[in-house]
Amino acid sequence: MEQTPMREIEIFGIPALFTEQDIPSDETPPGLHCYQLISANDGETLLGTVLTVIPVEIPEDGERDVYDDDLMLDTEGQMLTPEEFSEKYLSPVSGPDLEERYGKED
């Protein structure tokens, strides 16, 4: 997968990356989980792709609704490549600062 920067977001309390582009699941970077956001209006229109560091719980029917308070899409969020994102959240050396998680306020 091309290492194009993506917007850092949070979905269901999980750090994630978002792009409006379609990322085929077979092109998901190692260590990340890939989810397609589909419009509830028609059930077909792709709104974007989300990459997470941990899997999102998905019901057996394979779909999960996303409500406004489930998704933090901060326009001031960092633009990171999947490689940079993995380094930030999965690296044992430079993993997340647990005192200050993205999207969480004191």
# chains A, B, ... in the order shown; residues from 1 in each chain; ligands from 1

$ residues_around --residues "Leu90 in chain A" --least-positions-apart "6" --cutoff "12 Å" --atoms "only C-alpha atoms" --output "count of residues only"
12

$ residues_around --residues "Glu63 in chain A" --least-positions-apart "5" --cutoff "10 Å" --atoms "only C-alpha atoms" --output "number ranges by chain"
A: 36-38, 57-58

$ write_last_selection --atoms "C-alpha atoms" --output "mmCIF file, in the first residue's frame"
data_model
loop_
_atom_site.group_PDB
_atom_site.id
_atom_site.type_symbol
_atom_site.label_atom_id
_atom_site.label_comp_id
_atom_site.auth_asym_id
_atom_site.auth_seq_id
_atom_site.Cartn_x
_atom_site.Cartn_y
_atom_site.Cartn_z
ATOM 1 C CA GLN A 36 -15.131 0.554 5.265
ATOM 2 C CA LEU A 37 -17.569 3.287 6.282
ATOM 3 C CA ILE A 38 -20.722 2.919 4.188
ATOM 4 C CA GLU A 57 -16.084 -5.366 17.703
ATOM 5 C CA ILE A 58 -18.413 -6.134 14.806
#

$ closest_residue --among "A:Ile9, A:Cys34, A:Leu46, A:Ala40" --to "Gln21 in chain A" --atoms "only C-alpha atoms"
A:Leu46

$ closest_residue --among "A:Asp74, A:Glu8, A:Pro59, A:Arg64" --to "Tyr35 in chain A" --atoms "only C-alpha atoms"
A:Arg64

$ select_by_dssp --residues "range 3-93 of chain A" --states "strand (DSSP E or B)" --output "list in words"
Met6, Arg7, Glu8, Ile9, Glu10, Ile11, Ile14, Pro15, Ala16, Leu17, Phe18, Thr19, His33, Cys34, Tyr35, Gln36, Leu37, Ile38, Leu46, Leu47, Gly48, Thr49, Val50, Leu51, Thr52, Leu71, Met72, Met79 and Leu80 of chain A

$ residues_around --residues "Asp68 in chain A" --least-positions-apart "3" --cutoff "12 Å" --atoms "only C-alpha atoms" --output "number ranges by chain"
A: 10-12, 65, 71-73

$ closest_residue --among "A:Gly48, A:Gly77, A:Ser39, A:Arg7" --to "Ile23 in chain A" --atoms "only C-alpha atoms"
A:Gly48

$ select_by_dssp --residues "chain A" --states "alpha helix (DSSP H)" --output "PyMOL selection string"
chain A and resi 82-90

$ write_last_selection --atoms "N, CA, C and O atoms" --output "short mmCIF file (atom, residue, chain, number, x, y, z; two decimals), in the first residue's frame"
data_model
loop_
_atom_site.label_atom_id
_atom_site.label_comp_id
_atom_site.auth_asym_id
_atom_site.auth_seq_id
_atom_site.Cartn_x
_atom_site.Cartn_y
_atom_site.Cartn_z
N PRO A 82 0.31 5.24 7.38
CA PRO A 82 0.08 4.05 8.19
C PRO A 82 1.34 3.59 8.94
O PRO A 82 1.26 3.15 10.08
N GLU A 83 2.50 3.74 8.32
CA GLU A 83 3.75 3.35 8.98
C GLU A 83 4.02 4.23 10.20
O GLU A 83 4.37 3.73 11.26
N GLU A 84 3.84 5.54 10.07
CA GLU A 84 4.03 6.46 11.20
C GLU A 84 3.01 6.18 12.30
O GLU A 84 3.34 6.22 13.49
N PHE A 85 1.77 5.91 11.90
CA PHE A 85 0.71 5.60 12.86
C PHE A 85 1.04 4.33 13.65
O PHE A 85 0.91 4.30 14.87
N SER A 86 1.49 3.30 12.95
CA SER A 86 1.88 2.05 13.61
C SER A 86 3.02 2.30 14.58
O SER A 86 3.03 1.78 15.70
N GLU A 87 4.00 3.08 14.16
CA GLU A 87 5.14 3.40 15.03
C GLU A 87 4.66 4.13 16.27
O GLU A 87 5.10 3.84 17.39
N LYS A 88 3.73 5.07 16.10
CA LYS A 88 3.22 5.87 17.22
C LYS A 88 2.47 5.00 18.24
O LYS A 88 2.63 5.18 19.44
N TYR A 89 1.66 4.07 17.76
CA TYR A 89 0.79 3.32 18.67
C TYR A 89 1.23 1.90 18.97
O TYR A 89 0.80 1.33 19.96
N LEU A 90 2.06 1.30 18.13
CA LEU A 90 2.41 -0.10 18.34
C LEU A 90 3.86 -0.32 18.73
O LEU A 90 4.23 -1.41 19.14
#

$ closest_residue --among "A:Met6, A:Asp69, A:Ser25, A:His33" --to "Pro55 in chain A" --atoms "only C-alpha atoms"
A:His33

$ closest_residue --among "A:Phe18, A:Thr4, A:Glu60, A:Leu51" --to "Thr75 in chain A" --atoms "only C-alpha atoms"
A:Phe18

$ decode --residues "range 47-58 of chain A" --atoms "all heavy atoms" --output "short mmCIF file (atom, residue, chain, number, x, y, z; two decimals), in the first residue's frame"
data_model
loop_
_atom_site.label_atom_id
_atom_site.label_comp_id
_atom_site.auth_asym_id
_atom_site.auth_seq_id
_atom_site.Cartn_x
_atom_site.Cartn_y
_atom_site.Cartn_z
N LEU A 47 -18.07 6.06 2.28
CA LEU A 47 -17.74 7.35 2.89
C LEU A 47 -16.25 7.46 3.16
O LEU A 47 -15.72 8.55 3.26
CB LEU A 47 -18.53 7.54 4.19
CG LEU A 47 -20.05 7.50 4.05
CD1 LEU A 47 -20.70 7.62 5.41
CD2 LEU A 47 -20.53 8.61 3.11
N GLY A 48 -15.60 6.31 3.31
CA GLY A 48 -14.18 6.31 3.57
C GLY A 48 -13.73 5.00 4.19
O GLY A 48 -14.52 4.08 4.39
N THR A 49 -12.44 4.94 4.47
CA THR A 49 -11.82 3.77 5.07
C THR A 49 -11.16 4.17 6.37
O THR A 49 -10.57 5.25 6.47
CB THR A 49 -10.77 3.17 4.12
OG1 THR A 49 -11.39 2.84 2.88
CG2 THR A 49 -10.14 1.92 4.70
N VAL A 50 -11.27 3.30 7.37
CA VAL A 50 -10.67 3.53 8.68
C VAL A 50 -9.70 2.39 8.96
O VAL A 50 -10.02 1.22 8.75
CB VAL A 50 -11.76 3.57 9.78
CG1 VAL A 50 -11.14 3.64 11.16
CG2 VAL A 50 -12.70 4.74 9.56
N LEU A 51 -8.50 2.75 9.42
CA LEU A 51 -7.51 1.77 9.87
C LEU A 51 -7.35 1.94 11.37
O LEU A 51 -7.19 3.07 11.86
CB LEU A 51 -6.15 2.01 9.19
CG LEU A 51 -6.11 1.92 7.67
CD1 LEU A 51 -4.71 2.26 7.17
CD2 LEU A 51 -6.54 0.56 7.18
N THR A 52 -7.42 0.84 12.13
CA THR A 52 -7.29 0.89 13.58
C THR A 52 -6.13 0.03 14.05
O THR A 52 -5.71 -0.89 13.35
CB THR A 52 -8.57 0.41 14.30
OG1 THR A 52 -8.78 -0.97 14.00
CG2 THR A 52 -9.77 1.23 13.89
N VAL A 53 -5.65 0.34 15.27
CA VAL A 53 -4.56 -0.44 15.85
C VAL A 53 -5.07 -1.69 16.55
O VAL A 53 -4.33 -2.65 16.73
CB VAL A 53 -3.70 0.40 16.82
CG1 VAL A 53 -2.93 1.46 16.06
CG2 VAL A 53 -4.53 1.03 17.91
N ILE A 54 -6.32 -1.66 16.99
CA ILE A 54 -6.93 -2.85 17.58
C ILE A 54 -8.26 -3.09 16.87
O ILE A 54 -8.86 -2.15 16.36
CB ILE A 54 -7.13 -2.73 19.11
CG1 ILE A 54 -8.02 -1.55 19.47
CG2 ILE A 54 -5.81 -2.64 19.84
CD1 ILE A 54 -8.37 -1.47 20.94
N PRO A 55 -8.71 -4.34 16.83
CA PRO A 55 -9.95 -4.62 16.10
C PRO A 55 -11.17 -3.98 16.76
O PRO A 55 -11.26 -3.87 17.97
CB PRO A 55 -10.05 -6.14 16.12
CG PRO A 55 -9.07 -6.62 17.11
CD PRO A 55 -8.10 -5.53 17.39
N VAL A 56 -12.10 -3.56 15.92
CA VAL A 56 -13.39 -3.03 16.37
C VAL A 56 -14.34 -4.22 16.48
O VAL A 56 -14.35 -5.08 15.60
CB VAL A 56 -13.94 -2.01 15.35
CG1 VAL A 56 -15.37 -1.61 15.69
CG2 VAL A 56 -13.04 -0.79 15.26
N GLU A 57 -15.11 -4.28 17.56
CA GLU A 57 -16.08 -5.37 17.70
C GLU A 57 -17.19 -5.17 16.68
O GLU A 57 -17.83 -4.12 16.64
CB GLU A 57 -16.66 -5.39 19.11
CG GLU A 57 -15.67 -5.85 20.16
CD GLU A 57 -16.30 -5.97 21.53
OE1 GLU A 57 -17.47 -6.42 21.62
OE2 GLU A 57 -15.63 -5.60 22.50
N ILE A 58 -17.40 -6.17 15.85
CA ILE A 58 -18.41 -6.13 14.81
C ILE A 58 -19.42 -7.25 15.08
O ILE A 58 -19.02 -8.40 15.30
CB ILE A 58 -17.78 -6.35 13.41
CG1 ILE A 58 -16.68 -5.32 13.14
CG2 ILE A 58 -18.84 -6.32 12.32
CD1 ILE A 58 -17.14 -3.90 12.98
#
